[in-house]
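Here is structure_21.cif, consisting of mmCIF, C-alpha atoms and all ligand atoms:
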data_coords
#
loop_
_atom_site.label_atom_id
_atom_site.label_comp_id
_atom_site.auth_asym_id
_atom_site.auth_seq_id
_atom_site.Cartn_x
_atom_site.Cartn_y
_atom_site.Cartn_z
CA MET A 1 126.55 87.18 94.96
CA ARG A 2 122.84 87.25 95.71
CA PRO A 3 120.32 86.59 92.89
CA LYS A 4 119.33 90.22 92.26
CA GLY A 5 122.57 92.06 93.13
CA VAL A 6 124.34 93.30 96.24
CA VAL A 7 122.97 94.62 99.53
CA ILE A 8 123.78 98.24 100.34
CA ALA A 9 123.26 99.30 103.97
CA ILE A 10 122.81 102.98 104.77
CA ASP A 11 122.64 103.89 108.44
CA GLY A 12 122.66 107.14 110.37
CA PRO A 13 120.67 109.36 112.73
CA ALA A 14 117.40 111.17 111.92
CA GLY A 15 117.81 113.84 109.26
CA SER A 16 121.25 112.70 108.13
CA GLY A 17 120.01 112.40 104.54
CA LYS A 18 119.49 108.62 104.41
CA SER A 19 116.13 108.61 102.64
CA THR A 20 117.02 111.09 99.90
CA VAL A 21 120.37 109.44 99.25
CA ALA A 22 119.02 105.87 99.42
CA GLN A 23 116.15 106.69 97.07
CA LYS A 24 118.36 108.28 94.43
CA LEU A 25 121.03 105.63 94.70
CA ALA A 26 118.47 102.83 94.31
CA LYS A 27 117.07 104.52 91.21
CA ARG A 28 120.52 104.89 89.66
CA LEU A 29 121.30 101.22 90.24
CA GLY A 30 117.84 99.88 89.37
CA TYR A 31 117.60 98.53 92.93
CA LEU A 32 114.71 98.42 95.37
CA HIS A 33 114.88 101.06 98.12
CA ILE A 34 113.75 99.73 101.49
CA ASP A 35 113.14 102.30 104.22
CA THR A 36 113.29 100.21 107.41
CA GLY A 37 112.34 103.21 109.56
CA ALA A 38 108.95 103.05 107.81
CA ILE A 39 108.58 99.49 109.12
CA TYR A 40 109.04 100.70 112.72
CA ARG A 41 106.82 103.71 112.04
CA SER A 42 104.06 101.47 110.63
CA LEU A 43 104.12 99.38 113.77
CA ALA A 44 103.88 102.60 115.81
CA PHE A 45 101.00 103.80 113.64
CA TRP A 46 98.99 100.60 114.16
CA ALA A 47 99.77 100.49 117.88
CA LEU A 48 98.42 104.05 118.23
CA GLU A 49 95.45 103.31 115.98
CA ARG A 50 94.52 100.26 118.07
CA GLN A 51 95.23 102.12 121.29
CA LEU A 52 97.58 99.43 122.57
CA PRO A 53 99.44 100.12 125.82
CA LEU A 54 102.82 101.35 124.55
CA GLU A 55 104.54 100.25 127.77
CA ASP A 56 103.57 96.62 127.11
CA GLY A 57 106.36 95.13 124.97
CA GLU A 58 104.58 91.78 124.70
CA ALA A 59 101.40 93.34 123.29
CA ILE A 60 103.45 95.33 120.77
CA ALA A 61 105.42 92.25 119.77
CA ARG A 62 102.15 90.37 119.27
CA LEU A 63 100.93 93.13 116.97
CA ALA A 64 104.24 92.99 115.02
CA SER A 65 103.88 89.25 114.51
CA GLU A 66 100.27 89.57 113.35
CA LEU A 67 100.83 92.32 110.77
CA SER A 68 101.88 91.52 107.19
CA PHE A 69 104.80 93.52 105.76
CA GLU A 70 105.13 93.81 101.98
CA TYR A 71 107.47 95.99 99.94
CA ASP A 72 107.38 96.80 96.24
CA GLU A 73 108.34 99.65 93.89
CA ALA A 74 105.45 101.73 95.24
CA GLY A 75 106.70 101.35 98.81
CA LEU A 76 105.59 99.61 101.96
CA LYS A 77 102.24 97.99 102.76
CA VAL A 78 101.65 97.01 106.37
CA GLY A 79 98.53 95.17 107.41
CA GLY A 80 97.48 95.45 103.75
CA VAL A 81 97.52 99.27 103.82
CA ARG A 82 99.91 101.78 102.25
CA LEU A 83 100.27 104.28 105.07
CA GLY A 84 102.40 106.77 103.13
CA GLN A 85 102.34 110.29 104.54
CA ALA A 86 100.54 109.17 107.71
CA LEU A 87 103.88 107.75 108.85
CA ARG A 88 105.76 111.01 108.50
CA HIS A 89 104.58 112.87 111.57
CA GLU A 90 107.23 113.31 114.27
CA ARG A 91 104.82 111.86 116.89
CA VAL A 92 104.76 108.56 114.97
CA ALA A 93 108.56 108.69 114.76
CA GLU A 94 108.85 109.17 118.52
CA VAL A 95 106.59 106.22 119.26
CA ALA A 96 108.56 104.17 116.69
CA ALA A 97 111.81 104.94 118.53
CA ARG A 98 110.20 103.90 121.79
CA LEU A 99 108.84 100.59 120.44
CA ALA A 100 112.18 99.95 118.73
CA CYS A 101 113.73 99.50 122.20
CA TYR A 102 111.79 96.26 122.88
CA PRO A 103 114.07 93.29 122.10
CA GLN A 104 111.09 91.04 121.28
CA VAL A 105 109.83 93.61 118.75
CA ARG A 106 113.27 93.98 117.14
CA GLU A 107 113.56 90.23 116.81
CA ILE A 108 110.36 90.03 114.77
CA LEU A 109 111.19 93.04 112.61
CA LEU A 110 114.73 91.74 112.09
CA GLN A 111 113.33 88.72 110.29
CA VAL A 112 110.94 90.91 108.28
CA GLN A 113 113.87 93.06 107.08
CA ARG A 114 116.09 90.08 106.28
CA ASP A 115 113.33 88.45 104.24
CA LEU A 116 112.72 91.67 102.31
CA GLY A 117 116.40 92.05 101.38
CA ALA A 118 117.35 88.38 101.01
CA GLU A 119 117.58 88.35 97.22
CA GLY A 120 119.84 91.41 97.07
CA GLY A 121 119.48 94.26 94.60
CA VAL A 122 118.43 96.47 97.52
CA VAL A 123 119.41 99.66 99.26
CA LEU A 124 118.26 99.38 102.88
CA GLU A 125 118.31 102.42 105.12
CA GLY A 126 117.96 102.42 108.90
CA ARG A 127 119.92 102.43 112.14
CA ASP A 128 121.33 98.91 112.43
CA ILE A 129 121.38 97.59 108.87
CA GLY A 130 125.16 97.30 108.58
CA THR A 131 125.68 96.18 112.18
CA VAL A 132 122.81 93.73 112.76
CA VAL A 133 120.33 93.21 109.90
CA PHE A 134 122.88 92.66 107.12
CA PRO A 135 126.33 92.49 108.73
CA ASP A 136 127.40 90.80 105.48
CA ALA A 137 126.18 93.70 103.28
CA GLU A 138 128.56 94.23 100.37
CA LEU A 139 128.64 97.97 101.05
CA LYS A 140 127.95 99.82 104.30
CA VAL A 141 127.54 103.55 104.52
CA PHE A 142 127.09 105.70 107.65
CA LEU A 143 125.73 109.20 107.09
CA THR A 144 126.00 112.02 109.61
CA ALA A 145 125.27 115.76 109.64
CA SER A 146 125.35 118.50 112.26
CA GLU A 147 122.37 118.53 114.64
CA GLU A 148 121.43 122.01 113.43
CA GLU A 149 121.24 120.91 109.81
CA ARG A 150 119.39 117.69 110.60
CA ALA A 151 116.75 119.60 112.58
CA LEU A 152 116.39 122.14 109.78
CA ARG A 153 115.92 119.42 107.15
CA ARG A 154 113.24 117.65 109.19
CA TRP A 155 111.50 120.92 109.97
CA ARG A 156 111.40 121.86 106.26
CA GLU A 157 110.04 118.41 105.41
CA GLU A 158 107.32 118.71 108.05
CA LYS A 159 106.39 122.17 106.82
CA ALA A 160 106.18 120.99 103.22
CA ARG A 161 103.81 118.27 104.38
CA GLY A 162 101.60 120.80 106.07
CA PHE A 163 102.51 119.98 109.70
CA ASP A 164 103.18 123.09 111.73
CA SER A 165 105.77 122.20 114.38
CA SER A 166 108.34 124.83 115.35
CA LEU A 167 112.02 124.35 114.59
CA GLU A 168 112.65 124.11 118.34
CA GLU A 169 110.11 121.28 118.72
CA VAL A 170 111.62 119.36 115.82
CA ARG A 171 115.12 119.85 117.19
CA ALA A 172 114.07 118.60 120.64
CA SER A 173 112.29 115.60 119.14
CA ILE A 174 115.31 114.65 117.03
CA ARG A 175 117.58 114.97 120.06
CA ARG A 176 115.33 112.72 122.17
CA ARG A 177 115.17 110.16 119.38
CA ASP A 178 118.92 110.19 118.74
CA GLU A 179 119.52 109.56 122.42
CA GLN A 180 117.03 106.71 122.53
CA ASP A 181 118.39 105.15 119.32
CA ALA A 182 121.99 105.37 120.49
CA ARG A 183 121.35 104.26 124.09
CA ARG A 184 119.07 101.26 123.62
CA GLU A 185 120.51 97.93 124.64
CA VAL A 186 119.63 95.95 121.55
CA ALA A 187 121.05 97.05 118.19
CA PRO A 188 121.81 100.68 119.10
CA LEU A 189 122.74 103.18 116.42
CA ARG A 190 126.47 102.85 115.85
CA VAL A 191 128.92 102.91 112.99
CA ALA A 192 129.79 99.52 111.51
CA GLN A 193 133.52 98.94 111.60
CA ASP A 194 133.80 98.66 107.82
CA ALA A 195 131.38 101.48 106.91
CA LEU A 196 132.13 104.34 104.56
CA GLN A 197 131.42 107.42 106.71
CA ILE A 198 130.10 110.54 105.03
CA ASP A 199 129.29 113.88 106.67
CA THR A 200 126.47 115.35 104.57
CA THR A 201 126.47 118.80 106.25
CA GLY A 202 126.36 121.48 103.56
CA ARG A 203 126.82 118.96 100.76
CA GLU A 204 124.71 118.48 97.62
CA VAL A 205 122.81 115.20 97.40
CA GLU A 206 124.10 114.44 93.89
CA GLY A 207 127.73 114.47 95.02
CA ILE A 208 127.01 112.10 97.90
CA VAL A 209 125.07 109.70 95.69
CA ALA A 210 127.88 109.75 93.11
CA GLU A 211 130.44 109.00 95.82
CA ILE A 212 128.48 105.97 97.06
CA GLU A 213 127.70 104.80 93.53
CA GLY A 214 131.44 104.88 92.80
CA ALA A 215 132.08 102.66 95.83
CA VAL A 216 129.33 100.23 94.72
CA ARG A 217 130.69 99.98 91.17
CA LYS A 218 134.14 99.29 92.58
CA LYS A 219 132.73 96.46 94.74
CA LEU A 220 130.82 95.00 91.79
CA LYS A 221 133.99 94.94 89.69
CA GLY A 222 136.21 93.57 92.43
O1 LIG B 1 114.49 106.41 110.00
P1 LIG B 1 113.24 106.86 110.74
O2 LIG B 1 113.39 108.22 111.34
O3 LIG B 1 112.03 106.73 109.88
O4 LIG B 1 113.08 105.79 111.95
C1 LIG B 1 112.09 105.89 112.94
C2 LIG B 1 112.53 105.15 114.20
O5 LIG B 1 112.54 103.74 113.98
C3 LIG B 1 113.94 105.45 114.69
O6 LIG B 1 113.97 106.55 115.57
C4 LIG B 1 114.36 104.19 115.39
C5 LIG B 1 113.60 103.11 114.68
N1 LIG B 1 114.44 102.34 113.74
C6 LIG B 1 115.25 101.35 114.26
O7 LIG B 1 115.29 101.18 115.47
N2 LIG B 1 115.98 100.56 113.42
C7 LIG B 1 115.95 100.74 112.09
N3 LIG B 1 116.66 99.94 111.29
C8 LIG B 1 115.16 101.79 111.54
C9 LIG B 1 114.42 102.58 112.41
#
Could you render the structure from this file as structure tokens?
Amino acid sequence: MRPKGVVIAIDGPAGSGKSTVAQKLAKRLGYLHIDTGAIYRSLAFWALERQLPLEDGEAIARLASELSFEYDEAGLKVGGVRLGQALRHERVAEVAARLACYPQVREILLQVQRDLGAEGGVVLEGRDIGTVVFPDAELKVFLTASEEERALRRWREEKARGFDSSLEEVRASIRRRDEQDARREVAPLRVAQDALQIDTTGREVEGIVAEIEGAVRKKLKG
């Protein structure tokens, strides 16, 4: 057992419900919730801000190695700044998915994520947590949902944040990103062999969180 508790890995495509579920689960367990997508998004944000050439993997990797990544109860600070809502735009997500294909970038961020979760007592959400970042996680969960529902969730989120993309644009963006995440050569999105798979389509968040919490409690007892 790790000093602060177990590691729970939650993976799945965009809009599958990872963030909502991971947040609530972490709260119930008194664990830290680590959104690893926000780490990739922060890198994308700074690369855009500094107008780096996005096709230059070396330049992006250099930026990743220069930035500081800290995580606490209030969330993520990258380069000393809490980027918060600035990370949520779909454009930032698209650039994040693109930069996430560079092996040299993934290598740096892999270490960042492992350091953040090393002591346990964490719920990490992402694409490759159970397969690559913490293959020894005590519990692995893979969330899915229909493409229609995932697009609708993201579109509602964007609207609530005051961004005005159309449902069609959000759907197309999610589809592009899914393809990129699943096709990339290093650490593509795939289901870990020993993951608990949950289809969240049409399901209430509370029920899903309770199902995962039950699995965690069972692990902790066993
Ligand atoms: O979870 P998200 O939508 O915030 O993630 C944004 C992008 O970051 C995602 O499309 C791919 C990349 N990502 C990744 O490659 N590996 C992770 N563990 C998390 C995110």
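For the residues A:Ala151, A:Ala187, A:Ala145, A:Ile60, ranking by smallest atom-to-atom distance to ligand LIG 1 (chain B) using only C-alpha atoms and all ligand atoms places A:Ala187 first.
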Write out as JSON lines the residues of chain A that have any atom within 6 Å of an atom of ligand LIG 1 (chain B), one row each with the nearest atom pair and its distance in Å to one decimal, counting only C-alpha atoms and all ligand atoms, sorted by chain and then rising number.
{"residue": "A:Ala14", "atom": "CA", "partner": "B:LIG1", "partner_atom": "O2", "distance": 5.0}
{"residue": "A:Thr36", "atom": "CA", "partner": "B:LIG1", "partner_atom": "C8", "distance": 4.8}
{"residue": "A:Gly37", "atom": "CA", "partner": "B:LIG1", "partner_atom": "O3", "distance": 3.5}
{"residue": "A:Ala38", "atom": "CA", "partner": "B:LIG1", "partner_atom": "O3", "distance": 5.2}
{"residue": "A:Tyr40", "atom": "CA", "partner": "B:LIG1", "partner_atom": "O5", "distance": 4.8}
{"residue": "A:Arg41", "atom": "CA", "partner": "B:LIG1", "partner_atom": "C1", "distance": 5.8}
{"residue": "A:Ala93", "atom": "CA", "partner": "B:LIG1", "partner_atom": "C1", "distance": 4.9}
{"residue": "A:Ala96", "atom": "CA", "partner": "B:LIG1", "partner_atom": "C2", "distance": 4.8}
{"residue": "A:Ala97", "atom": "CA", "partner": "B:LIG1", "partner_atom": "O6", "distance": 4.0}
{"residue": "A:Ala100", "atom": "CA", "partner": "B:LIG1", "partner_atom": "O7", "distance": 4.7}
{"residue": "A:Gly126", "atom": "CA", "partner": "B:LIG1", "partner_atom": "N3", "distance": 3.7}
{"residue": "A:Arg127", "atom": "CA", "partner": "B:LIG1", "partner_atom": "N3", "distance": 4.2}
{"residue": "A:Asp128", "atom": "CA", "partner": "B:LIG1", "partner_atom": "N3", "distance": 4.9}
{"residue": "A:Ile129", "atom": "CA", "partner": "B:LIG1", "partner_atom": "N3", "distance": 5.8}
{"residue": "A:Arg177", "atom": "CA", "partner": "B:LIG1", "partner_atom": "O6", "distance": 5.4}
{"residue": "A:Asp181", "atom": "CA", "partner": "B:LIG1", "partner_atom": "C4", "distance": 5.7}
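Non-sequential neighbours of Val191 (chain A) (distance at most 9 Å, separation of 2 or more positions within a chain, all atoms listed in the file) are A:Asp11, A:Gly12, A:Asp128, A:Gly130, A:Thr131, A:Val141, A:Phe142, A:Leu189, A:Gln193, A:Asp194, A:Ala195, A:Gln197.
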Let's have the selection written as a tab-separated table (two decimals), keeping the file's coordinate frame, with C-alpha atoms.
chain	number	residue	atom	x	y	z
A	11	ASP	CA	122.64	103.89	108.44
A	12	GLY	CA	122.66	107.14	110.37
A	128	ASP	CA	121.33	98.91	112.43
A	130	GLY	CA	125.16	97.30	108.58
A	131	THR	CA	125.68	96.18	112.18
A	141	VAL	CA	127.54	103.55	104.52
A	142	PHE	CA	127.09	105.70	107.65
A	189	LEU	CA	122.74	103.18	116.42
A	193	GLN	CA	133.52	98.94	111.60
A	194	ASP	CA	133.80	98.66	107.82
A	195	ALA	CA	131.38	101.48	106.91
A	197	GLN	CA	131.42	107.42	106.71
Selection near region 78-82 of chain A, 12 Å with only C-alpha atoms, sequence-local residues under 3 positions removed, as number ranges by chain = A: 38-47, 63-72, 74-75, 85-87, 112
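If you look at CA of Lys218 (chain A) and CA of Ile10 (chain A), they are 17.0 Å away from each other.
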Which of A:Glu204, A:Asp136, A:Glu55, A:Glu73 sits closest to Ile8 (chain A) [using only C-alpha atoms] = A:Asp136
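Considering the residues A:Glu125, A:Glu206, A:Glu168, A:Glu149 and counting all atoms listed in the file, Ala9 (chain A) has its shortest atom-to-atom contact with A:Glu125.
Of the residues under consideration (A:Ser165, A:Glu94, A:Asp56, A:Met1), A:Met1 shows the shortest atom-to-atom contact distance to Lys221 (chain A) when counting all atoms listed in the file.
Of the residues under consideration (A:His89, A:Ser173, A:Val205, A:Val95), A:Val205 shows the shortest atom-to-atom contact distance to Gln23 (chain A) when counting all atoms listed in the file.
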Interatomic distance between CA of Ala61 (chain A) and CA of Val133 (chain A)?
-> 17.9 Å
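One finds CA of Ala192 (chain A) at 9.2 Å from CA of Val132 (chain A).
Of the residues under consideration (A:Val123, A:Leu152, A:Val170, A:Ala182), A:Val123 shows the shortest atom-to-atom contact distance to Lys24 (chain A) when counting all atoms listed in the file.
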Pull the closest atom pair for each residue of region 7-61 of chain A that gets at most 10 Å from region 210-214 of chain A, along with the distance in Å to one decimal, counting only C-alpha atoms, ordering rows by chain and then ascending residue number, as a Markdown table.
| residue | atom | partner | partner_atom | distance |
| --- | --- | --- | --- | --- |
| A:Ile8 | CA | A:Ile212 | CA | 9.6 |
| A:Val21 | CA | A:Ile212 | CA | 9.1 |
| A:Ala22 | CA | A:Ile212 | CA | 9.8 |
| A:Lys24 | CA | A:Ala210 | CA | 9.7 |
| A:Leu25 | CA | A:Glu213 | CA | 6.8 |
| A:Ala26 | CA | A:Glu213 | CA | 9.5 |
| A:Arg28 | CA | A:Glu213 | CA | 8.2 |
| A:Leu29 | CA | A:Glu213 | CA | 8.0 |
Determine, counting all atoms listed in the file, every residue of protein, DNA or RNA that lies within 12 Å of (119.9, 123.9, 113.7) in the file coordinates, then give the result as a list in words.
-> Gly15, Ala145, Ser146, Glu147, Glu148, Glu149, Arg150, Ala151, Leu152, Arg153, Arg154, Trp155, Arg156, Ser166, Leu167, Glu168, Glu169, Val170, Arg171, Ala172, Ile174, Arg175 and Thr201 of chain A
Would you mind completing region 194-215 of chain A so that it carries N, CA and C atoms, and writing it out as an mmCIF file, in the coordinates of the input?
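Listing of result-v3.cif after writing:
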data_model
loop_
_atom_site.group_PDB
_atom_site.id
_atom_site.type_symbol
_atom_site.label_atom_id
_atom_site.label_comp_id
_atom_site.auth_asym_id
_atom_site.auth_seq_id
_atom_site.Cartn_x
_atom_site.Cartn_y
_atom_site.Cartn_z
ATOM 1 N N ASP A 194 133.350 98.558 109.207
ATOM 2 C CA ASP A 194 133.800 98.660 107.820
ATOM 3 C C ASP A 194 132.938 99.606 106.988
ATOM 4 N N ALA A 195 132.270 100.572 107.658
ATOM 5 C CA ALA A 195 131.380 101.480 106.910
ATOM 6 C C ALA A 195 132.142 102.664 106.317
ATOM 7 N N LEU A 196 131.647 103.110 105.180
ATOM 8 C CA LEU A 196 132.130 104.340 104.560
ATOM 9 C C LEU A 196 131.380 105.467 105.258
ATOM 10 N N GLN A 197 132.098 106.351 105.959
ATOM 11 C CA GLN A 197 131.420 107.420 106.710
ATOM 12 C C GLN A 197 131.406 108.716 105.918
ATOM 13 N N ILE A 198 130.218 109.300 105.801
ATOM 14 C CA ILE A 198 130.100 110.540 105.030
ATOM 15 C C ILE A 198 129.343 111.588 105.852
ATOM 16 N N ASP A 199 129.958 112.754 106.022
ATOM 17 C CA ASP A 199 129.290 113.880 106.670
ATOM 18 C C ASP A 199 128.582 114.684 105.580
ATOM 19 N N THR A 200 127.243 114.728 105.658
ATOM 20 C CA THR A 200 126.470 115.350 104.570
ATOM 21 C C THR A 200 126.210 116.844 104.814
ATOM 22 N N THR A 201 126.713 117.384 105.929
ATOM 23 C CA THR A 201 126.470 118.800 106.250
ATOM 24 C C THR A 201 126.943 119.699 105.100
ATOM 25 N N GLY A 202 126.014 120.497 104.596
ATOM 26 C CA GLY A 202 126.360 121.480 103.560
ATOM 27 C C GLY A 202 126.706 120.866 102.206
ATOM 28 N N ARG A 203 126.467 119.576 102.047
ATOM 29 C CA ARG A 203 126.820 118.960 100.760
ATOM 30 C C ARG A 203 125.601 118.724 99.887
ATOM 31 N N GLU A 204 125.792 118.756 98.564
ATOM 32 C CA GLU A 204 124.710 118.480 97.620
ATOM 33 C C GLU A 204 124.459 116.976 97.575
ATOM 34 N N VAL A 205 123.176 116.616 97.440
ATOM 35 C CA VAL A 205 122.810 115.200 97.400
ATOM 36 C C VAL A 205 123.515 114.469 96.250
ATOM 37 N N GLU A 206 123.539 115.107 95.078
ATOM 38 C CA GLU A 206 124.100 114.440 93.890
ATOM 39 C C GLU A 206 125.525 113.957 94.115
ATOM 40 N N GLY A 207 126.332 114.812 94.772
ATOM 41 C CA GLY A 207 127.730 114.470 95.020
ATOM 42 C C GLY A 207 127.855 113.267 95.949
ATOM 43 N N ILE A 208 126.968 113.206 96.935
ATOM 44 C CA ILE A 208 127.010 112.100 97.900
ATOM 45 C C ILE A 208 126.618 110.791 97.207
ATOM 46 N N VAL A 209 125.548 110.888 96.399
ATOM 47 C CA VAL A 209 125.070 109.700 95.690
ATOM 48 C C VAL A 209 126.172 109.203 94.737
ATOM 49 N N ALA A 210 126.814 110.136 94.050
ATOM 50 C CA ALA A 210 127.880 109.750 93.110
ATOM 51 C C ALA A 210 129.034 109.072 93.856
ATOM 52 N N GLU A 211 129.354 109.592 95.032
ATOM 53 C CA GLU A 211 130.440 109.000 95.820
ATOM 54 C C GLU A 211 130.110 107.552 96.210
ATOM 55 N N ILE A 212 128.869 107.331 96.655
ATOM 56 C CA ILE A 212 128.480 105.970 97.060
ATOM 57 C C ILE A 212 128.384 105.066 95.833
ATOM 58 N N GLU A 213 127.831 105.608 94.751
ATOM 59 C CA GLU A 213 127.700 104.800 93.530
ATOM 60 C C GLU A 213 129.088 104.331 93.066
ATOM 61 N N GLY A 214 130.068 105.231 93.163
ATOM 62 C CA GLY A 214 131.440 104.880 92.800
ATOM 63 C C GLY A 214 131.938 103.699 93.628
ATOM 64 N N ALA A 215 131.637 103.740 94.936
ATOM 65 C CA ALA A 215 132.080 102.660 95.830
ATOM 66 C C ALA A 215 131.365 101.348 95.482
#
